[in-house]
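Written below as structure tokens is the structure these notes are about.
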There are 2 protein chains.
Amino acid sequence: MQVKVFLNEDEFPKQWYNLAADLPSPMLPPLGPDGNPITPDMLAPVFPMNLIEQELSQERWIDIPEEIKALLYRWRPTPLHRAIHLEKALGTPAKIYYKNESVSPPGSHKPNTAVAQAWYNKQFGIEKLTTETGAGQWGSALAFACALVGLECKVFMVRISFDQKPFRKAMMQAWGATCIASPSNQTQAGQDILKRIPDTPGSLGIAISEAVEAAVSDKTGKTRYALGSVLNHVMLHQTIIGLEAKKQLKKIGEKKVDVIIGCAGGGSNFAGLAFPFVADKISGKDITIIPVEPTSCPTMTRAPFAYDHGDTAKMTPLLPMHSLGHNFIPPPIHAGGLRYHGMAPLVSQAIVEGLLTPQALHQTECYAAALLFAKTEGIICAPETSHAIAATIQEAQKAKEEGKKKVILFNLSGHGLMDLTGYDNYLAGKLIDYPLPEEDLQKSLESIKDLPQAPANKTGKW
Amino acid sequence: MQVKVFLNEDEFPKQWYNLAADLPSPMLPPLGPDGNPITPDMLAPVFPMNLIEQELSQERWIDIPEEIKALLYRWRPTPLHRAIHLEKALGTPAKIYYKNESVSPPGSHKPNTAVAQAWYNKQFGIEKLTTETGAGQWGSALAFACALVGLECKVFMVRISFDQKPFRKAMMQAWGATCIASPSNQTQAGQDILKRIPDTPGSLGIAISEAVEAAVSDKTGKTRYALGSVLNHVMLHQTIIGLEAKKQLKKIGEKKVDVIIGCAGGGSNFAGLAFPFVADKISGKDITIIPVEPTSCPTMTRAPFAYDHGDTAKMTPLLPMHSLGHNFIPPPIHAGGLRYHGMAPLVSQAIVEGLLTPQALHQTECYAAALLFAKTEGIICAPETSHAIAATIQEAQKAKEEGKKKVILFNLSGHGLMDLTGYDNYLAGKLIDYPLPEEDLQKSLESIKDLPQAPANKTGKW
């Protein structure tokens, strides 16, 4: 029995897939501070124009430049595995497949968009990228990409992570990036915060503010900012995952997939695997597509679809998305990449259209699933990825109860070798779960109320 | 231009290669405490008989059982990459290839023998394996293998590493292994040390003593010990690396390799890549084969070929090998896997036969090479692996000076994501080198003098 499928170089996808072209309703535009749709020019100080065009594109297929294919080919196509040992442990009639994104040099799916963004910036004449990073996964991926493409890279890392995770900093520095603790004295935003709260642990919101400021305030005009999730062009670049998976499933003789699963923080690894299958669902195929989030940060399962800022400091445009409110502070779960108040507009709209079946899980059940996976399939997954595995196990058990030979595919978005503290705490019985009380949710949602409203009647669904 | 080669499942090697069958002189036997060759029965309390048979085998080719192939196939065949970006940075006419062993779930070549040893023990009716680990690479690999095969696993981890590297312990525990600090109170050897030196940081020698004692003292007879390098059967299992590489080079159209390079601590990743090419050299091909060691631990370049113990506590049989003396304490370089006083007997004898060209390098030049590699090829390598990369760069520069289009192949034995402290220190300018003064070497070699001597006249070469 074949349990792993590679693709050859000539089978490598030649185009990315853009879900915006196929969604039943058109996407709502991002809005500026005045409530009017923003124009490409307004984004020009932040992103290069070639990426802004991708961000706004309605084209279904977008060619992957040869040079980006060569960059991706350094570690892609990633293998598709059949999890026969997990299946056996569960005694399920379901077949479980997973796409193994952990084999990239930084260890996750993040470089799929990092190398593309770095290359497009380089093409546009940009010399330096700035970004923020929380746990460090995205900062590492962008540092890696900038090294390959030949760009300077500056990463503002949330102070508390900077201090707690010195290895992430070393990783970025090994790839030649500069990594500094945020808030820093290098930006006005950082200085302001430090004046008010000298011993602040920092936050992703502050780090975004600093990274954006560092980009737009560079008078040479040769610096731009890069974001690792949420935006349309990031989802686009990640579709390489699902496009490869489709070819691999075909190669292994699997005609139909019943369930697609991915964890979702900003939405990019989930979208990357799922969107090519969402297209199938739109054209009538019977397929269940499940983005999984932490119960402690229930953006998709409990928050409204609304216009909100992408950051706490309200520096970004208003995005149409499921949002817990830009003031929401997620509890300290170990899956740092899932601690985000919003959700990618493309994922959000697919939810509104009824194309997705979001699910929320507690971190302890996710760690239990991750340990079963490590002991059967041999891979120690990232804390974020454990959410996809836990949902997969639930679906496989449901298939067992129903006696159905379902085919389940999930995204193994990254390995957990840089994030073992969570495992250590779980094994020591120290981890707890964080249900979100309704009153806390409502309080957080107040920050959305005065913002322009998403048009509730647009598709009749919100 | 093709820069990466996979192998399909049907191209997977079906046999391991045993260099012992082809060495010009027969291997010297291991000796017991009385100076007489040890018998298989004497090893039976420590290893299962099927592995003892492999250890002593003179067969050239040994079939890989189907079940072990399936275990290896979870992450193998590993890709063969062409390092075109490193070539370009060096401006060398040489072609540089590397075998990427970092893609295994524990991140190194170690699982190649770990899964084989676990499987053979299971076949023999063993229920539990014990081992020691220093930096943690081998302990992690055996924990992984035992999880897949279904064996209990107990790892004695050197106290100082146990405290300094809690992530390695978490990794082993995630795979279900027990990891305890050595010296422990669970063995007589551990208790004795703790009584004498309560605050000892421990040592690999002590940890080996504890792991062997824990295996042989289990009265059920269901526990054995596993070693991650040095022994013949370990080298045998690792030859999968070189056998795959040969097929991949053929597939990419490369008819001849001029230089083979691997780092060598106990010798297993080097042997794994090199031995199938050593066979070519024995049959007349012109090929330079370079094992690389730290200048601070110059086993191959400055130590004699002699009979010596594999451990500090003199619990192991006497092995015929290059040895700095079992009392040698290597300086605290970051490449923990290269801090070993001896060298695999098979590698040692190949050196004596003139088949290898050992080289020694300082750690700072190795880190410089690792950083160039990270920035060009994108992979952050293990501190051990950096020695192979530094030697590769030297060979590529030599080819440039000579204007020769050499083909160089090295083994990327593992990634460095669990060992970033060394990079951090190097980047901060804190790393130093440790030349070994001649008087210190001579003093250490005194521990060998009273042991039985390797017969100097056996091949006329020692």
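We label chains A, B, ... in the order they appear in the structure tokens, count residues from 1 in each chain, and number ligands from 1 in the order shown.
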
From a backbone DSSP assignment, name each residue in range 136-267 of chain B labelled strand (DSSP E or B), as number ranges by chain. B: 152-158, 178-182, 223-225, 259-263

Generate a file of the selected residues that holds C-alpha atoms, formatted as a CSV table (one decimal), in the first residue's frame.
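Here's the written file again15.csv:
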```csv
chain,number,residue,atom,x,y,z
B,152,GLU,CA,9.4,1.2,25.8
B,153,CYS,CA,12.3,3.5,25.8
B,154,LYS,CA,14.4,4.9,28.6
B,155,VAL,CA,17.0,7.5,27.9
B,156,PHE,CA,19.8,8.5,30.3
B,157,MET,CA,20.6,12.1,29.5
B,158,VAL,CA,23.8,13.7,30.7
B,178,THR,CA,11.2,8.3,29.7
B,179,CYS,CA,14.1,10.7,29.9
B,180,ILE,CA,16.0,11.0,33.1
B,181,ALA,CA,19.1,12.9,34.2
B,182,SER,CA,22.3,11.0,34.6
B,223,THR,CA,15.5,-5.2,28.0
B,224,ARG,CA,18.4,-4.4,25.8
B,225,TYR,CA,20.7,-1.5,25.1
B,259,VAL,CA,34.9,14.2,-3.6
B,260,ILE,CA,32.8,12.8,-0.8
B,261,ILE,CA,32.5,14.7,2.5
B,262,GLY,CA,30.9,14.0,5.9
B,263,CYS,CA,31.5,15.1,9.5
```

Exercise. How would you write, as number ranges by chain, the set of residues in range 100-179 of chain A that DSSP gives as alpha helix (DSSP H)?
Worked result: A: 111-123, 137-149, 159-164, 166-174

Spatial neighbours of range 373-388 of chain B, 8 Å, only C-alpha atoms, chain gap at least 4 places, as a ChimeraX atom specification:
/A:105-106,144,147-148,171,174-176 /B:83,85-86,89,261-263,291-294,334-338,361,363,366-367,369,392,410-417,419,422

* Please provide the set of residues having any atom within 12 Å of Ile38 in chain B, restricted to only C-alpha atoms, with same-chain residues fewer than 3 positions apart removed, written as a count of residues only. => 18

Shell around His233 in chain A at 7 Å using only C-alpha atoms, local window under 6 positions removed, as an MDAnalysis selection string
chainID A and resid 51 54:55

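For the pair CA of Pro298 in chain B and CA of Leu441 in chain B, the interatomic distance is 9.3 Å.
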
(Q) Can you tell me which residues surround Arg159 in chain A at a distance of at most 9 Å, considering only C-alpha atoms, apart from same-chain residues fewer than 5 positions away, and format the answer as a PyMOL selection string? (A) chain A and resi 134+164+180-184+200-203+207

Inset, instruction - Find the residues around Glu67 in chain A up to 12 Å (only C-alpha atoms counted), leave out those fewer than 4 positions away in its own chain, and share them as a ChimeraX atom specification. - result: /A:14,63,71-74,115-116,118-120,122-123,148-149

Suppose we keep N, CA, C and O atoms; can you now write the selection as a tab-separated table (two decimals), in the first residue's frame?
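Dumped everything to part07.tsv:
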```tsv
chain	number	residue	atom	x	y	z
A	14	LYS	N	1.55	25.32	-11.97
A	14	LYS	CA	2.08	26.46	-12.74
A	14	LYS	C	1.36	27.76	-12.39
A	14	LYS	O	1.81	28.83	-12.76
A	63	ASP	N	-0.49	33.18	-12.88
A	63	ASP	CA	0.75	32.45	-13.17
A	63	ASP	C	1.78	32.61	-12.05
A	63	ASP	O	1.98	33.71	-11.54
A	71	LEU	N	12.25	29.02	-6.41
A	71	LEU	CA	12.39	29.22	-4.96
A	71	LEU	C	11.59	28.17	-4.19
A	71	LEU	O	12.07	27.57	-3.23
A	72	LEU	N	10.34	27.97	-4.61
A	72	LEU	CA	9.47	27.00	-3.94
A	72	LEU	C	10.01	25.59	-4.08
A	72	LEU	O	9.88	24.75	-3.17
A	73	TYR	N	10.63	25.35	-5.24
A	73	TYR	CA	11.09	23.99	-5.52
A	73	TYR	C	12.24	23.56	-4.62
A	73	TYR	O	12.59	22.38	-4.56
A	74	ARG	N	12.81	24.51	-3.89
A	74	ARG	CA	13.89	24.11	-2.98
A	74	ARG	C	13.39	23.12	-1.93
A	74	ARG	O	14.16	22.31	-1.44
A	115	VAL	N	8.52	33.67	0.25
A	115	VAL	CA	9.41	33.75	-0.91
A	115	VAL	C	8.74	34.52	-2.05
A	115	VAL	O	9.39	35.27	-2.77
A	116	ALA	N	7.41	34.34	-2.20
A	116	ALA	CA	6.70	35.07	-3.26
A	116	ALA	C	6.72	36.57	-2.97
A	116	ALA	O	7.04	37.38	-3.84
A	118	ALA	N	8.80	38.26	-1.07
A	118	ALA	CA	10.16	38.79	-1.19
A	118	ALA	C	10.53	38.99	-2.66
A	118	ALA	O	11.08	40.02	-3.05
A	119	TRP	N	10.17	38.00	-3.49
A	119	TRP	CA	10.52	38.11	-4.91
A	119	TRP	C	9.79	39.28	-5.58
A	119	TRP	O	10.40	40.05	-6.33
A	120	TYR	N	8.49	39.44	-5.33
A	120	TYR	CA	7.75	40.54	-5.95
A	120	TYR	C	8.30	41.90	-5.49
A	120	TYR	O	8.38	42.85	-6.26
A	122	LYS	N	11.41	42.51	-4.56
A	122	LYS	CA	12.70	42.65	-5.24
A	122	LYS	C	12.49	43.12	-6.69
A	122	LYS	O	13.17	44.03	-7.17
A	123	GLN	N	11.52	42.49	-7.36
A	123	GLN	CA	11.18	42.85	-8.74
A	123	GLN	C	10.79	44.33	-8.85
A	123	GLN	O	11.05	44.98	-9.85
A	148	LEU	N	17.23	34.24	0.61
A	148	LEU	CA	17.27	33.58	-0.70
A	148	LEU	C	17.17	34.60	-1.84
A	148	LEU	O	17.79	34.44	-2.88
A	149	VAL	N	16.34	35.61	-1.63
A	149	VAL	CA	16.06	36.56	-2.71
A	149	VAL	C	17.08	37.70	-2.74
A	149	VAL	O	17.32	38.29	-3.78
```

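Across the structure, CA of Leu90 in chain A and CA of Leu420 in chain A are spaced 25.0 Å apart.
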
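Closest approach to Pro198 in chain B from the set B:Asn185, B:Leu151, B:Gly310, B:Pro65 is made by B:Asn185, with distances taken over only C-alpha atoms.
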
In Å and to one decimal, CA of Arg168 in chain B is distant from CA of Ala370 in chain A by 16.9 Å

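Among the candidates A:Val5, A:Ile432, A:Leu19, A:Ile289, the one nearest to chain B when counting only C-alpha atoms is A:Val5.
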